[in-house]
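Shown here: final00.cif, mmCIF, C-alpha atoms and all ligand atoms; chains and numbers go by the auth columns.
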```
data_my_file
loop_
_atom_site.group_PDB
_atom_site.id
_atom_site.type_symbol
_atom_site.label_atom_id
_atom_site.label_comp_id
_atom_site.label_asym_id
_atom_site.label_seq_id
_atom_site.Cartn_x
_atom_site.Cartn_y
_atom_site.Cartn_z
_atom_site.B_iso_or_equiv
_atom_site.auth_seq_id
_atom_site.auth_asym_id
ATOM 1 C CA MET A 1 -5.633 -33.455 4.372 0.00 1 R
ATOM 2 C CA LYS A 2 -4.891 -36.060 6.977 0.00 2 R
ATOM 3 C CA LEU A 3 -7.665 -36.451 9.460 0.00 3 R
ATOM 4 C CA ILE A 4 -6.398 -37.375 12.850 0.00 4 R
ATOM 5 C CA LEU A 5 -8.782 -37.033 15.705 0.00 5 R
ATOM 6 C CA TYR A 6 -7.069 -35.639 18.694 0.00 6 R
ATOM 7 C CA SER A 7 -8.783 -35.135 21.975 0.00 7 R
ATOM 8 C CA LEU A 8 -7.725 -32.128 23.975 0.00 8 R
ATOM 9 C CA ASN A 9 -9.358 -33.711 26.965 0.00 9 R
ATOM 10 C CA SER A 10 -7.243 -36.830 26.883 0.00 10 R
ATOM 11 C CA HIS A 11 -5.251 -37.397 30.030 0.00 11 R
ATOM 12 C CA ASN A 12 -1.589 -36.455 29.908 0.00 12 R
ATOM 13 C CA SER A 13 -2.259 -34.880 26.546 0.00 13 R
ATOM 14 C CA HIS A 14 0.364 -32.227 27.164 0.00 14 R
ATOM 15 C CA ASN A 15 3.041 -34.864 27.443 0.00 15 R
ATOM 16 C CA SER A 16 2.278 -36.799 24.286 0.00 16 R
ATOM 17 C CA LEU A 17 3.362 -34.683 21.367 0.00 17 R
ATOM 18 C CA ASN A 18 3.806 -37.327 18.708 0.00 18 R
ATOM 19 C CA SER A 19 0.204 -37.761 17.683 0.00 19 R
ATOM 20 C CA PHE A 20 0.016 -34.021 17.099 0.00 20 R
ATOM 21 C CA ASN A 21 3.201 -33.760 15.048 0.00 21 R
ATOM 22 C CA ASP A 22 1.575 -35.939 12.419 0.00 22 R
ATOM 23 C CA PHE A 23 -0.622 -33.143 11.253 0.00 23 R
ATOM 24 C CA ALA A 24 1.053 -30.012 12.578 0.00 24 R
ATOM 25 C CA ASP A 25 3.964 -30.557 10.191 0.00 25 R
ATOM 26 C CA ASN A 26 1.878 -29.372 7.279 0.00 26 R
ATOM 27 C CA MET A 27 0.877 -26.159 8.942 0.00 27 R
ATOM 28 C CA LYS A 28 2.404 -22.765 8.703 0.00 28 R
ATOM 29 C CA ILE A 29 2.055 -20.393 11.614 0.00 29 R
ATOM 30 C CA ALA A 30 3.024 -16.777 11.077 0.00 30 R
ATOM 31 C CA ILE A 31 3.988 -14.874 14.186 0.00 31 R
ATOM 32 C CA LEU A 32 3.681 -11.127 14.346 0.00 32 R
ATOM 33 C CA ALA A 33 7.176 -10.081 15.389 0.00 33 R
ATOM 34 C CA LEU A 34 6.971 -6.314 15.702 0.00 34 R
ATOM 35 C CA GLN A 35 7.952 -6.466 19.371 0.00 35 R
ATOM 36 C CA GLY A 36 7.237 -8.561 22.466 0.00 36 R
ATOM 37 C CA ALA A 37 7.349 -12.291 23.196 0.00 37 R
ATOM 38 C CA PHE A 38 7.247 -13.674 19.654 0.00 38 R
ATOM 39 C CA ALA A 39 10.271 -15.992 20.003 0.00 39 R
ATOM 40 C CA GLU A 40 8.497 -18.033 22.683 0.00 40 R
ATOM 41 C CA HIS A 41 5.512 -18.657 20.406 0.00 41 R
ATOM 42 C CA GLU A 42 7.886 -19.652 17.637 0.00 42 R
ATOM 43 C CA GLN A 43 9.525 -22.211 19.891 0.00 43 R
ATOM 44 C CA MET A 44 6.185 -23.590 21.075 0.00 44 R
ATOM 45 C CA PHE A 45 4.752 -24.048 17.588 0.00 45 R
ATOM 46 C CA ARG A 46 7.961 -25.636 16.331 0.00 46 R
ATOM 47 C CA GLN A 47 7.939 -28.017 19.245 0.00 47 R
ATOM 48 C CA LEU A 48 4.472 -29.058 18.091 0.00 48 R
ATOM 49 C CA GLY A 49 5.729 -29.688 14.565 0.00 49 R
ATOM 50 C CA ALA A 50 4.394 -26.613 12.759 0.00 50 R
ATOM 51 C CA GLU A 51 6.457 -24.496 10.408 0.00 51 R
ATOM 52 C CA THR A 52 6.817 -20.915 11.629 0.00 52 R
ATOM 53 C CA THR A 53 7.583 -17.645 9.947 0.00 53 R
ATOM 54 C CA LEU A 54 7.996 -14.169 11.415 0.00 54 R
ATOM 55 C CA ILE A 55 6.040 -11.178 10.155 0.00 55 R
ATOM 56 C CA ARG A 56 8.015 -7.981 10.682 0.00 56 R
ATOM 57 C CA ASN A 57 6.753 -5.898 7.794 0.00 57 R
ATOM 58 C CA LEU A 58 4.453 -5.841 4.790 0.00 58 R
ATOM 59 C CA ASP A 59 6.909 -7.763 2.579 0.00 59 R
ATOM 60 C CA ASP A 60 6.935 -10.610 5.095 0.00 60 R
ATOM 61 C CA PHE A 61 3.146 -10.559 5.180 0.00 61 R
ATOM 62 C CA ASN A 62 2.829 -10.587 1.408 0.00 62 R
ATOM 63 C CA SER A 63 5.370 -13.322 0.868 0.00 63 R
ATOM 64 C CA THR A 64 3.594 -15.452 3.460 0.00 64 R
ATOM 65 C CA PHE A 65 -0.027 -14.886 2.568 0.00 65 R
ATOM 66 C CA LYS A 66 -0.293 -13.493 -0.935 0.00 66 R
ATOM 67 C CA LYS A 67 0.104 -15.211 -4.239 0.00 67 R
ATOM 68 C CA PRO A 68 2.551 -13.265 -6.388 0.00 68 R
ATOM 69 C CA PRO A 69 0.920 -11.168 -9.096 0.00 69 R
ATOM 70 C CA SER A 70 0.816 -12.710 -12.554 0.00 70 R
ATOM 71 C CA LEU A 71 4.144 -12.323 -14.262 0.00 71 R
ATOM 72 C CA PRO A 72 4.611 -8.997 -15.962 0.00 72 R
ATOM 73 C CA LEU A 73 5.566 -8.979 -19.605 0.00 73 R
ATOM 74 C CA SER A 74 8.701 -7.058 -20.505 0.00 74 R
ATOM 75 C CA ILE A 75 9.242 -5.942 -24.069 0.00 75 R
ATOM 76 C CA SER A 76 12.660 -4.976 -25.406 0.00 76 R
ATOM 77 C CA PRO A 77 13.146 -1.289 -26.369 0.00 77 R
ATOM 78 C CA ASP A 78 13.119 -2.147 -30.098 0.00 78 R
ATOM 79 C CA GLY A 79 9.861 -4.007 -29.591 0.00 79 R
ATOM 80 C CA GLU A 80 11.259 -7.158 -31.203 0.00 80 R
ATOM 81 C CA SER A 81 11.425 -9.504 -28.288 0.00 81 R
ATOM 82 C CA PHE A 82 9.519 -9.973 -25.161 0.00 82 R
ATOM 83 C CA SER A 83 9.894 -12.186 -22.148 0.00 83 R
ATOM 84 C CA ARG A 84 8.202 -12.985 -18.934 0.00 84 R
ATOM 85 C CA GLN A 85 10.096 -11.614 -15.966 0.00 85 R
ATOM 86 C CA GLU A 86 11.584 -14.039 -13.523 0.00 86 R
ATOM 87 C CA ALA A 87 8.878 -15.526 -11.350 0.00 87 R
ATOM 88 C CA SER A 88 8.855 -14.294 -7.783 0.00 88 R
ATOM 89 C CA PRO A 89 8.660 -17.085 -5.230 0.00 89 R
ATOM 90 C CA ARG A 90 5.193 -18.485 -4.748 0.00 90 R
ATOM 91 C CA GLY A 91 3.181 -17.209 -1.818 0.00 91 R
ATOM 92 C CA GLY A 92 4.279 -19.005 1.323 0.00 92 R
ATOM 93 C CA LEU A 93 1.100 -21.077 1.501 0.00 93 R
ATOM 94 C CA GLU A 94 2.070 -23.296 -1.426 0.00 94 R
ATOM 95 C CA GLY A 95 1.840 -26.901 -0.249 0.00 95 R
ATOM 96 C CA VAL A 96 0.535 -25.857 3.146 0.00 96 R
ATOM 97 C CA GLU A 97 -2.717 -27.315 4.433 0.00 97 R
ATOM 98 C CA GLY A 98 -3.359 -24.953 7.262 0.00 98 R
ATOM 99 C CA ALA A 99 -2.200 -21.470 8.138 0.00 99 R
ATOM 100 C CA GLY A 100 -2.589 -19.313 11.195 0.00 100 R
ATOM 101 C CA LEU A 101 -1.288 -16.173 12.822 0.00 101 R
ATOM 102 C CA ALA A 102 -0.152 -15.577 16.390 0.00 102 R
ATOM 103 C CA ILE A 103 -0.038 -12.123 17.968 0.00 103 R
ATOM 104 C CA PRO A 104 2.204 -12.259 21.033 0.00 104 R
ATOM 105 C CA GLY A 105 2.321 -10.455 24.328 0.00 105 R
ATOM 106 C CA GLY A 106 4.214 -7.215 24.510 0.00 106 R
ATOM 107 C CA GLU A 107 3.042 -3.637 24.584 0.00 107 R
ATOM 108 C CA SER A 108 -0.125 -3.060 22.619 0.00 108 R
ATOM 109 C CA THR A 109 0.433 0.680 22.131 0.00 109 R
ATOM 110 C CA ALA A 110 3.894 0.083 20.646 0.00 110 R
ATOM 111 C CA MET A 111 2.674 -2.868 18.580 0.00 111 R
ATOM 112 C CA MET A 112 -0.206 -0.827 17.256 0.00 112 R
ATOM 113 C CA ARG A 113 2.060 2.046 16.243 0.00 113 R
ATOM 114 C CA ILE A 114 4.572 -0.205 14.463 0.00 114 R
ATOM 115 C CA MET A 115 1.748 -2.128 12.772 0.00 115 R
ATOM 116 C CA LYS A 116 0.412 1.112 11.325 0.00 116 R
ATOM 117 C CA ASP A 117 3.864 2.436 10.398 0.00 117 R
ATOM 118 C CA GLU A 118 4.585 -0.790 8.511 0.00 118 R
ATOM 119 C CA GLY A 119 1.281 -0.645 6.650 0.00 119 R
ATOM 120 C CA LEU A 120 0.225 -3.918 8.251 0.00 120 R
ATOM 121 C CA PHE A 121 -2.956 -2.795 9.970 0.00 121 R
ATOM 122 C CA GLU A 122 -5.394 -3.173 7.054 0.00 122 R
ATOM 123 C CA PRO A 123 -3.888 -6.316 5.469 0.00 123 R
ATOM 124 C CA LEU A 124 -3.859 -8.118 8.816 0.00 124 R
ATOM 125 C CA ARG A 125 -7.366 -6.990 9.673 0.00 125 R
ATOM 126 C CA GLN A 126 -8.644 -8.123 6.275 0.00 126 R
ATOM 127 C CA ALA A 127 -6.899 -11.500 6.450 0.00 127 R
ATOM 128 C CA ILE A 128 -8.450 -12.182 9.859 0.00 128 R
ATOM 129 C CA LEU A 129 -11.889 -11.098 8.630 0.00 129 R
ATOM 130 C CA ASP A 130 -11.343 -13.443 5.643 0.00 130 R
ATOM 131 C CA GLY A 131 -10.948 -16.326 8.086 0.00 131 R
ATOM 132 C CA LEU A 132 -7.240 -16.516 8.890 0.00 132 R
ATOM 133 C CA PRO A 133 -7.184 -18.241 12.294 0.00 133 R
ATOM 134 C CA VAL A 134 -5.504 -16.079 14.907 0.00 134 R
ATOM 135 C CA LEU A 135 -4.181 -16.609 18.422 0.00 135 R
ATOM 136 C CA GLY A 136 -3.761 -13.477 20.538 0.00 136 R
ATOM 137 C CA THR A 137 -2.044 -13.644 23.908 0.00 137 R
ATOM 138 C CA CYS A 138 -2.048 -10.768 26.397 0.00 138 R
ATOM 139 C CA ALA A 139 -1.227 -7.684 24.276 0.00 139 R
ATOM 140 C CA GLY A 140 -2.339 -9.908 21.359 0.00 140 R
ATOM 141 C CA LEU A 141 -5.790 -10.138 22.961 0.00 141 R
ATOM 142 C CA ILE A 142 -5.899 -6.350 23.209 0.00 142 R
ATOM 143 C CA MET A 143 -4.877 -6.001 19.556 0.00 143 R
ATOM 144 C CA LEU A 144 -7.871 -8.055 18.414 0.00 144 R
ATOM 145 C CA ASP A 145 -10.492 -6.169 20.410 0.00 145 R
ATOM 146 C CA ARG A 146 -12.967 -3.534 19.249 0.00 146 R
ATOM 147 C CA ASN A 147 -10.657 -0.623 19.994 0.00 147 R
ATOM 148 C CA HIS A 148 -7.673 -1.937 18.065 0.00 148 R
ATOM 149 C CA LEU A 149 -7.877 -4.250 15.017 0.00 149 R
ATOM 150 C CA GLY A 150 -11.615 -4.455 15.641 0.00 150 R
ATOM 151 C CA VAL A 151 -11.991 -8.064 14.505 0.00 151 R
ATOM 152 C CA MET A 152 -13.271 -9.661 17.700 0.00 152 R
ATOM 153 C CA ASP A 153 -16.427 -8.599 19.530 0.00 153 R
ATOM 154 C CA ILE A 154 -14.722 -8.021 22.853 0.00 154 R
ATOM 155 C CA THR A 155 -13.468 -5.046 24.802 0.00 155 R
ATOM 156 C CA ALA A 156 -10.231 -5.546 26.692 0.00 156 R
ATOM 157 C CA ARG A 157 -9.393 -3.761 29.896 0.00 157 R
ATOM 158 C CA ARG A 158 -5.672 -3.115 29.898 0.00 158 R
ATOM 159 C CA ASN A 159 -3.362 -3.471 32.900 0.00 159 R
ATOM 160 C CA ALA A 160 -6.376 -4.717 34.756 0.00 160 R
ATOM 161 C CA TYR A 161 -4.889 -6.384 37.835 0.00 161 R
ATOM 162 C CA GLY A 162 -3.599 -4.509 40.826 0.00 162 R
ATOM 163 C CA ARG A 163 -2.098 -7.356 42.791 0.00 163 R
ATOM 164 C CA GLN A 164 1.643 -8.097 42.842 0.00 164 R
ATOM 165 C CA LEU A 165 2.298 -5.182 40.520 0.00 165 R
ATOM 166 C CA GLY A 166 -0.029 -6.844 38.082 0.00 166 R
ATOM 167 C CA SER A 167 2.097 -9.940 37.478 0.00 167 R
ATOM 168 C CA PHE A 168 1.237 -13.316 38.963 0.00 168 R
ATOM 169 C CA ASN A 169 0.907 -17.035 38.282 0.00 169 R
ATOM 170 C CA THR A 170 -2.212 -19.040 38.900 0.00 170 R
ATOM 171 C CA GLU A 171 -4.045 -22.083 37.624 0.00 171 R
ATOM 172 C CA GLU A 172 -7.605 -22.312 36.359 0.00 172 R
ATOM 173 C CA ASP A 173 -9.842 -24.481 34.227 0.00 173 R
ATOM 174 C CA VAL A 174 -10.005 -23.769 30.515 0.00 174 R
ATOM 175 C CA LYS A 175 -13.100 -25.161 28.822 0.00 175 R
ATOM 176 C CA GLY A 176 -12.288 -28.317 26.857 0.00 176 R
ATOM 177 C CA ILE A 177 -8.718 -28.500 28.156 0.00 177 R
ATOM 178 C CA GLY A 178 -8.702 -28.742 31.937 0.00 178 R
ATOM 179 C CA ARG A 179 -6.573 -26.986 34.522 0.00 179 R
ATOM 180 C CA VAL A 180 -3.957 -24.794 32.907 0.00 180 R
ATOM 181 C CA PRO A 181 -1.064 -22.889 34.524 0.00 181 R
ATOM 182 C CA MET A 182 -1.461 -19.192 33.777 0.00 182 R
ATOM 183 C CA THR A 183 1.203 -16.496 33.802 0.00 183 R
ATOM 184 C CA PHE A 184 -0.149 -12.950 33.882 0.00 184 R
ATOM 185 C CA ILE A 185 2.157 -9.999 33.187 0.00 185 R
ATOM 186 C CA ARG A 186 0.465 -6.612 33.424 0.00 186 R
ATOM 187 C CA ALA A 187 -2.355 -8.404 31.721 0.00 187 R
ATOM 188 C CA PRO A 188 -5.758 -7.381 30.455 0.00 188 R
ATOM 189 C CA TYR A 189 -9.057 -9.144 30.996 0.00 189 R
ATOM 190 C CA ILE A 190 -12.111 -9.209 28.789 0.00 190 R
ATOM 191 C CA GLU A 191 -14.426 -6.574 30.132 0.00 191 R
ATOM 192 C CA GLU A 192 -17.235 -7.017 27.676 0.00 192 R
ATOM 193 C CA ALA A 193 -18.053 -9.690 25.098 0.00 193 R
ATOM 194 C CA ASP A 194 -20.901 -10.193 22.637 0.00 194 R
ATOM 195 C CA PRO A 195 -22.917 -13.428 22.889 0.00 195 R
ATOM 196 C CA GLU A 196 -21.049 -14.915 19.864 0.00 196 R
ATOM 197 C CA VAL A 197 -17.905 -14.951 21.977 0.00 197 R
ATOM 198 C CA GLU A 198 -17.386 -18.110 23.993 0.00 198 R
ATOM 199 C CA ILE A 199 -15.667 -17.422 27.301 0.00 199 R
ATOM 200 C CA LEU A 200 -13.272 -20.303 27.972 0.00 200 R
ATOM 201 C CA ALA A 201 -11.783 -19.325 31.341 0.00 201 R
ATOM 202 C CA ARG A 202 -12.180 -16.921 34.213 0.00 202 R
ATOM 203 C CA VAL A 203 -9.890 -15.817 37.017 0.00 203 R
ATOM 204 C CA ASP A 204 -11.591 -14.138 39.973 0.00 204 R
ATOM 205 C CA GLY A 205 -14.741 -13.962 37.881 0.00 205 R
ATOM 206 C CA LYS A 206 -12.998 -12.053 35.051 0.00 206 R
ATOM 207 C CA ALA A 207 -12.898 -13.543 31.560 0.00 207 R
ATOM 208 C CA VAL A 208 -9.298 -14.377 30.612 0.00 208 R
ATOM 209 C CA ALA A 209 -9.670 -16.732 27.635 0.00 209 R
ATOM 210 C CA ALA A 210 -12.195 -16.718 24.822 0.00 210 R
ATOM 211 C CA ARG A 211 -12.940 -17.938 21.363 0.00 211 R
ATOM 212 C CA GLN A 212 -14.978 -16.459 18.543 0.00 212 R
ATOM 213 C CA GLY A 213 -14.945 -18.354 15.253 0.00 213 R
ATOM 214 C CA ASN A 214 -11.313 -18.714 14.187 0.00 214 R
ATOM 215 C CA MET A 215 -10.033 -16.359 16.873 0.00 215 R
ATOM 216 C CA LEU A 216 -8.622 -17.543 20.195 0.00 216 R
ATOM 217 C CA VAL A 217 -7.377 -15.183 22.895 0.00 217 R
ATOM 218 C CA THR A 218 -5.825 -15.509 26.323 0.00 218 R
ATOM 219 C CA ALA A 219 -5.023 -12.721 28.771 0.00 219 R
ATOM 220 C CA PHE A 220 -2.216 -14.897 30.140 0.00 220 R
ATOM 221 C CA HIS A 221 0.950 -16.148 28.412 0.00 221 R
ATOM 222 C CA PRO A 222 0.732 -19.849 27.506 0.00 222 R
ATOM 223 C CA GLU A 223 3.982 -19.429 25.552 0.00 223 R
ATOM 224 C CA LEU A 224 5.844 -18.718 28.795 0.00 224 R
ATOM 225 C CA THR A 225 4.924 -22.038 30.408 0.00 225 R
ATOM 226 C CA GLN A 226 5.778 -25.622 29.490 0.00 226 R
ATOM 227 C CA ASP A 227 2.121 -26.449 28.877 0.00 227 R
ATOM 228 C CA THR A 228 1.400 -26.684 25.176 0.00 228 R
ATOM 229 C CA ARG A 229 -2.355 -27.257 25.288 0.00 229 R
ATOM 230 C CA ILE A 230 -3.469 -23.729 24.354 0.00 230 R
ATOM 231 C CA HIS A 231 -1.206 -23.859 21.288 0.00 231 R
ATOM 232 C CA ARG A 232 -2.551 -27.301 20.464 0.00 232 R
ATOM 233 C CA LEU A 233 -6.103 -26.038 20.760 0.00 233 R
ATOM 234 C CA PHE A 234 -5.171 -23.284 18.313 0.00 234 R
ATOM 235 C CA LEU A 235 -3.556 -25.773 15.913 0.00 235 R
ATOM 236 C CA SER A 236 -6.717 -27.871 16.038 0.00 236 R
ATOM 237 C CA MET A 237 -8.666 -24.729 15.061 0.00 237 R
ATOM 238 C CA VAL A 238 -6.221 -24.204 12.197 0.00 238 R
ATOM 239 C CA THR A 239 -6.748 -27.787 11.080 0.00 239 R
ATOM 240 C CA THR A 240 -10.480 -27.410 10.827 0.00 240 R
ATOM 241 C CA ALA A 241 -10.762 -23.774 9.772 0.00 241 R
ATOM 242 C CA ALA A 242 -7.688 -22.806 7.842 0.00 242 R
ATOM 243 C CA PRO A 243 -8.012 -25.033 4.780 0.00 243 R
ATOM 244 C CA ASP A 244 -10.836 -22.716 3.720 0.00 244 R
ATOM 245 C CA PHE A 245 -8.598 -19.724 4.163 0.00 245 R
ATOM 246 C CA VAL A 246 -5.698 -21.374 2.327 0.00 246 R
ATOM 247 C CA ARG A 247 -7.988 -22.334 -0.575 0.00 247 R
ATOM 248 C CA LYS A 248 -9.347 -18.835 -0.714 0.00 248 R
ATOM 249 C CA VAL A 249 -5.883 -17.267 -0.862 0.00 249 R
ATOM 250 C CA ARG A 250 -4.744 -19.728 -3.548 0.00 250 R
ATOM 251 C CA LYS A 251 -7.732 -18.883 -5.718 0.00 251 R
ATOM 252 C CA GLU A 252 -7.308 -15.105 -5.584 0.00 252 R
HETATM 253 N N1 LIG B . 0.250 -4.245 29.486 0.00 1 O
HETATM 254 C C1 LIG B . 0.429 -4.589 28.127 0.00 1 O
HETATM 255 C C2 LIG B . -0.486 -3.770 27.208 0.00 1 O
HETATM 256 O O1 LIG B . -1.307 -3.069 27.683 0.00 1 O
HETATM 257 C C3 LIG B . 0.175 -6.074 27.889 0.00 1 O
HETATM 258 C C4 LIG B . 1.172 -6.866 28.691 0.00 1 O
HETATM 259 C C5 LIG B . 1.582 -8.158 28.068 0.00 1 O
HETATM 260 O O2 LIG B . 1.376 -8.427 26.868 0.00 1 O
HETATM 261 N N2 LIG B . 2.240 -8.962 28.872 0.00 1 O
HETATM 262 O O3 LIG B . -0.381 -3.847 26.018 0.00 1 O
#
```
In structure tokens, write the structure found in this file.
Ligand code: GLN
Amino acid sequence: MKLILYSLNSHNSHNSLNSFNDFADNMKIAILALQGAFAEHEQMFRQLGAETTLIRNLDDFNSTFKKPPSLPLSISPDGESFSRQEASPRGGLEGVEGAGLAIPGGESTAMMRIMKDEGLFEPLRQAILDGLPVLGTCAGLIMLDRNHLGVMDITARRNAYGRQLGSFNTEEDVKGIGRVPMTFIRAPYIEEADPEVEILARVDGKAVAARQGNMLVTAFHPELTQDTRIHRLFLSMVTTAAPDFVRKVRKE
């Protein structure tokens, strides 16, 4: 694994992409694409040099994160010959040094329903509990909270802003990054968080960005602005955390 120290605090960091591309090109970011703003995340991660893949159903999930089962033996009807069946393609993490998952903005009730219908709820929950780094934006934040996937020790308050029909742009400090433009669209905020959760930003006193272990959430939509620093922060989490996850999946 290449070790390149990259400071998120460095001035003009959002304009200098090259240093990041050096290590993002060995990363694979899966984007949950059941509905909502997944294409914008895809574009952002690609711009930063990461490989992206869309997760629309359980097959996509398995081919991205699971090693194929050991090859079944097939025996001819007369019992005289046997052969190994054609190998299925290796799990998508072959050759990858870091992997992560992004859950985009959209409509959390719809996303939740489709996730369950597709049989993705448990596998995704388990992968995140196993250490798969995850970025949740807006509805993605809601999906990770106690009342949905139940992986992060936060409670989200949905559609939490009254002003301007709940959609507005602002700018606030994000811990470790600096001032970040923020686009809110019928957004949630974090109403309650356990002490293990680090609150990274507030707007009007309400928590709108947080991190807990390998999980990063924002109530706003960094994928809808030109500022790549939230995605870079996530990729830096993938760099440090995900090799463990990738190793673990390879060993299973
Ligand atoms: N209001 C949506 C929900 O409750 C979230 C909006 C968004 O993701 N932009 O799921």
I would like the residues chosen by the PyMOL selection byres (((chain R and resi 207) around 12) and not hetatm) on the shown file; could you give them as a VMD selection string?
chain R and resid 141 154 to 157 160 172 to 175 187 to 193 197 to 206 208 to 211 217 to 220
Grab the residues selected above and save them as a short mmCIF file (atom, residue, chain, number, x, y, z; two decimals), in the frame of the given file with C-alpha atoms.
```
data_model
loop_
_atom_site.label_atom_id
_atom_site.label_comp_id
_atom_site.auth_asym_id
_atom_site.auth_seq_id
_atom_site.Cartn_x
_atom_site.Cartn_y
_atom_site.Cartn_z
CA LEU R 141 -5.79 -10.14 22.96
CA ILE R 154 -14.72 -8.02 22.85
CA THR R 155 -13.47 -5.05 24.80
CA ALA R 156 -10.23 -5.55 26.69
CA ARG R 157 -9.39 -3.76 29.90
CA ALA R 160 -6.38 -4.72 34.76
CA GLU R 172 -7.60 -22.31 36.36
CA ASP R 173 -9.84 -24.48 34.23
CA VAL R 174 -10.01 -23.77 30.52
CA LYS R 175 -13.10 -25.16 28.82
CA ALA R 187 -2.36 -8.40 31.72
CA PRO R 188 -5.76 -7.38 30.46
CA TYR R 189 -9.06 -9.14 31.00
CA ILE R 190 -12.11 -9.21 28.79
CA GLU R 191 -14.43 -6.57 30.13
CA GLU R 192 -17.24 -7.02 27.68
CA ALA R 193 -18.05 -9.69 25.10
CA VAL R 197 -17.90 -14.95 21.98
CA GLU R 198 -17.39 -18.11 23.99
CA ILE R 199 -15.67 -17.42 27.30
CA LEU R 200 -13.27 -20.30 27.97
CA ALA R 201 -11.78 -19.32 31.34
CA ARG R 202 -12.18 -16.92 34.21
CA VAL R 203 -9.89 -15.82 37.02
CA ASP R 204 -11.59 -14.14 39.97
CA GLY R 205 -14.74 -13.96 37.88
CA LYS R 206 -13.00 -12.05 35.05
CA VAL R 208 -9.30 -14.38 30.61
CA ALA R 209 -9.67 -16.73 27.64
CA ALA R 210 -12.20 -16.72 24.82
CA ARG R 211 -12.94 -17.94 21.36
CA VAL R 217 -7.38 -15.18 22.90
CA THR R 218 -5.82 -15.51 26.32
CA ALA R 219 -5.02 -12.72 28.77
CA PHE R 220 -2.22 -14.90 30.14
#
```
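One distance worth recording is that between atom CA of Leu54 of chain R and atom CA of Glu107 of chain R, which is 17.6 Å.
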Shell of 7 Å around ligand LIG 1 (chain O) (only C-alpha atoms and all ligand atoms), written as an mmCIF file with C-alpha atoms, in the coordinates of the input:
```cif
data_model
loop_
_atom_site.group_PDB
_atom_site.id
_atom_site.type_symbol
_atom_site.label_atom_id
_atom_site.label_comp_id
_atom_site.auth_asym_id
_atom_site.auth_seq_id
_atom_site.Cartn_x
_atom_site.Cartn_y
_atom_site.Cartn_z
ATOM 1 C CA GLY R 105 2.321 -10.455 24.328
ATOM 2 C CA GLY R 106 4.214 -7.215 24.510
ATOM 3 C CA GLU R 107 3.042 -3.637 24.584
ATOM 4 C CA SER R 108 -0.125 -3.060 22.619
ATOM 5 C CA THR R 109 0.433 0.680 22.131
ATOM 6 C CA THR R 137 -2.044 -13.644 23.908
ATOM 7 C CA CYS R 138 -2.048 -10.768 26.397
ATOM 8 C CA ALA R 139 -1.227 -7.684 24.276
ATOM 9 C CA GLY R 140 -2.339 -9.908 21.359
ATOM 10 C CA ILE R 142 -5.899 -6.350 23.209
ATOM 11 C CA ARG R 158 -5.672 -3.115 29.898
ATOM 12 C CA ASN R 159 -3.362 -3.471 32.900
ATOM 13 C CA PHE R 184 -0.149 -12.950 33.882
ATOM 14 C CA ILE R 185 2.157 -9.999 33.187
ATOM 15 C CA ARG R 186 0.465 -6.612 33.424
ATOM 16 C CA ALA R 187 -2.355 -8.404 31.721
ATOM 17 C CA PRO R 188 -5.758 -7.381 30.455
#
```
Rounded to one decimal place, report the atom CA of Ala33 of chain R-atom CA of Met112 of chain R distance in Å.
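Result for atom CA of Ala33 of chain R versus atom CA of Met112 of chain R: 12.0 Å, one decimal.
In this model, the gap between atom CA of Glu51 of chain R and atom CA of Leu120 of chain R comes to 21.6 Å.
If all atoms listed in the file are the atoms counted, then among R:Ala39, R:Met215, R:Leu149, R:Met44 the closest residue to Thr228 of chain R is R:Met44.
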When you count all atoms listed in the file, which of these residues is closest to Ile29 of chain R: R:Phe168, R:Gln126, R:Val134, R:Gly176?
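Checking each candidate against Ile29 of chain R, we get R:Val134 as the closest.
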As a list in words, please: the residues near Gly119 of chain R (cut-off 9 Å, all atoms listed in the file, same-chain neighbours under 4 positions excluded).
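Here the answer would be Asn57, Leu58, Ile114, Met115 and Pro123 of chain R.
Closest approach to Arg113 of chain R among R:Met182, R:Leu34, R:Leu93, R:Leu129 is made by R:Leu34 (distances from all atoms listed in the file).
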Using only C-alpha atoms, what residues lie at most 10 Å away from (3.2, -6.7, 5.6) (file coordinates), given as a PyMOL selection string?
chain R and resi 32+55-65+115+118-124
How would you write, as an MDAnalysis selection string, the residues chosen by the PyMOL selection byres (((chain R and resi 226) around 10) and not hetatm) on this structure?
chainID R and resid 14:15 44 181 222:225 227:229
Set the distance at 8 Å and use only C-alpha atoms: which residues neighbour Asp153 of chain R once local chain neighbours fewer than 3 positions away are removed? I'd like the list as a list in words.
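Skipping anything fewer than 3 positions along the chain leaves Asp145, Arg146, Gly150, Ala193, Asp194, Glu196 and Val197 of chain R.
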Which neighbours of segment 231-236 of chain R fall inside 8 Å, counting all atoms listed in the file, when residues of the same chain fewer than 4 positions from it are skipped, and could you give them as an MDAnalysis selection string?
chainID R and resid 8 20 24 44:45 48 134:135 216 222 240
Once you have the residues from the selection above, write them out as a compact mmCIF listing (two decimals), in the frame of the given file, restricted to C-alpha atoms.
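Once everything was written out, this is out.txt:
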```
# COMPACT_ATOMS: atom_id res chain seq x y z
CA LEU R 8 -7.72 -32.13 23.98
CA PHE R 20 0.02 -34.02 17.10
CA ALA R 24 1.05 -30.01 12.58
CA MET R 44 6.18 -23.59 21.08
CA PHE R 45 4.75 -24.05 17.59
CA LEU R 48 4.47 -29.06 18.09
CA VAL R 134 -5.50 -16.08 14.91
CA LEU R 135 -4.18 -16.61 18.42
CA LEU R 216 -8.62 -17.54 20.20
CA PRO R 222 0.73 -19.85 27.51
CA THR R 240 -10.48 -27.41 10.83
```
